[in-house]
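Asks: Let me begin by handing over the structure; questions about it come next.
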Amino acid sequence: MATVAELKAVLKDTLEKRGVLGHLKARIRAEVFNALDDESEPRPLLSHENLLINELIREYLEFNKYKYTASVLIAEDHLQKEQGRSANTENLHTSPAMKR
């Protein structure tokens with residue numbers, strides 16, 4: 001019969017292989033940031049340029065498969081995952097991203 005330590009090791013390994021453990025850690029970090037965020041101090045309004053920069057950073061993270069970091073950015077920055085890539089492309093005068 002397996003010990004508790006062995007079961008924990010197998011469970012951790014399985015969750016890591018499925019990518020679930022990293023996602024859970026990222027969500028926990030995001031929720032900790034949200035809990036520590038001082039809600040009495042309002043967030044500054046982001047300019048259109050800053051919104052574009054945030055979107056570019058998110059796209060960079062997702063393109064390079066930094067999905068856990070991106071999920072923390074999205075949760076902390078309250079970004080919407082799909083903000084209209086075509087509108088951003090027009091504003092930046094860039095072409096749509098090439099698929100890897």
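Scheme for the structure tokens: letters A, B, ... for chains in order shown; per-chain residue numbers from 1; ligand numbers from 1 in order shown.
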Show which residues sit within 10 Å of Arg29 in chain A, as a list in words. Count only C-alpha atoms, and ignore same-chain residues fewer than 5 positions away.
Replies: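 With the cut-off at 10 Å, the set is His23, Leu24, Asn34, Ala35, Tyr68, Thr69, Ser71, Val72, Ala75 and Glu76 of chain A.
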Asks: As a PyMOL selection string, please: the residues near range 45-59 of chain A (cut-off 7 Å, only C-alpha atoms, same-chain neighbours under 2 positions excluded).
Replies: chain A and resi 43+61-63+70+88
Asks: Would you save the residues of that selection, restricted to N, CA, C and O atoms, as a compact mmCIF listing (two decimals), in the first residue's frame?
Replies:
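Dumped everything to result-v3.txt:
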# COMPACT_ATOMS: atom_id res chain seq x y z
N ARG A 43 -7.60 53.06 -8.87
CA ARG A 43 -6.60 52.88 -9.93
C ARG A 43 -6.66 54.08 -10.86
O ARG A 43 -7.74 54.58 -11.16
N LEU A 61 3.40 37.52 -23.91
CA LEU A 61 3.44 36.44 -22.93
C LEU A 61 2.74 35.19 -23.46
O LEU A 61 3.25 34.08 -23.33
N GLU A 62 1.59 35.36 -24.07
CA GLU A 62 0.86 34.21 -24.59
C GLU A 62 1.55 33.60 -25.81
O GLU A 62 1.57 32.39 -25.96
N PHE A 63 2.12 34.42 -26.68
CA PHE A 63 2.83 33.92 -27.86
C PHE A 63 4.01 33.05 -27.45
O PHE A 63 4.29 32.02 -28.07
N ALA A 70 0.86 35.41 -17.93
CA ALA A 70 -0.21 36.16 -18.60
C ALA A 70 -1.49 36.12 -17.77
O ALA A 70 -2.18 37.14 -17.68
N ASN A 88 -6.38 47.13 -32.50
CA ASN A 88 -5.03 47.40 -32.01
C ASN A 88 -4.02 47.39 -33.14
O ASN A 88 -3.09 48.18 -33.16
Asks: Nearest to Ile74 in chain A: which of A:Ala30, A:Ala9, A:Asp37, A:Pro42 is it, counting only C-alpha atoms?
Replies: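 Result for the nearest residue to Ile74 in chain A: A:Ala30.
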Asks: Identify, with DSSP run on backbone atoms, the residues in range 40-76 of chain A assigned to helix (DSSP H, G or I), and express the list as a list in words.
Replies: His48, Glu49, Asn50, Leu51, Leu52, Ile53, Asn54, Glu55, Leu56, Ile57, Arg58, Glu59, Tyr60, Leu61, Glu62, Phe63, Lys67, Tyr68, Thr69, Ala70, Ser71, Val72, Leu73, Ile74, Ala75 and Glu76 of chain A
Asks: Just to be explicit: take each residue in the selection above, keep C-alpha atoms, and write the result as a PDB file, in the first residue's frame.
Replies:
ATOM      1  CA  HIS A  48      -5.237  54.508 -24.825  1.00  0.00           C
ATOM      2  CA  GLU A  49      -1.483  54.066 -25.311  1.00  0.00           C
ATOM      3  CA  ASN A  50      -1.122  52.243 -21.987  1.00  0.00           C
ATOM      4  CA  LEU A  51      -4.021  49.941 -22.857  1.00  0.00           C
ATOM      5  CA  LEU A  52      -2.255  49.074 -26.116  1.00  0.00           C
ATOM      6  CA  ILE A  53       1.024  48.462 -24.283  1.00  0.00           C
ATOM      7  CA  ASN A  54      -0.707  46.166 -21.792  1.00  0.00           C
ATOM      8  CA  GLU A  55      -2.325  44.267 -24.647  1.00  0.00           C
ATOM      9  CA  LEU A  56       1.023  43.901 -26.429  1.00  0.00           C
ATOM     10  CA  ILE A  57       2.634  42.577 -23.249  1.00  0.00           C
ATOM     11  CA  ARG A  58      -0.210  40.078 -22.831  1.00  0.00           C
ATOM     12  CA  GLU A  59       0.129  38.943 -26.443  1.00  0.00           C
ATOM     13  CA  TYR A  60       3.901  38.580 -26.031  1.00  0.00           C
ATOM     14  CA  LEU A  61       3.443  36.436 -22.927  1.00  0.00           C
ATOM     15  CA  GLU A  62       0.857  34.212 -24.589  1.00  0.00           C
ATOM     16  CA  PHE A  63       2.825  33.919 -27.855  1.00  0.00           C
ATOM     17  CA  LYS A  67       0.432  31.471 -19.928  1.00  0.00           C
ATOM     18  CA  TYR A  68       0.705  31.515 -16.130  1.00  0.00           C
ATOM     19  CA  THR A  69       2.385  34.918 -16.111  1.00  0.00           C
ATOM     20  CA  ALA A  70      -0.207  36.156 -18.601  1.00  0.00           C
ATOM     21  CA  SER A  71      -3.034  34.901 -16.391  1.00  0.00           C
ATOM     22  CA  VAL A  72      -1.643  36.885 -13.444  1.00  0.00           C
ATOM     23  CA  LEU A  73      -1.319  40.001 -15.632  1.00  0.00           C
ATOM     24  CA  ILE A  74      -4.870  39.599 -16.901  1.00  0.00           C
ATOM     25  CA  ALA A  75      -6.257  39.097 -13.398  1.00  0.00           C
ATOM     26  CA  GLU A  76      -4.264  41.932 -11.845  1.00  0.00           C
TER      27      GLU A  76
END
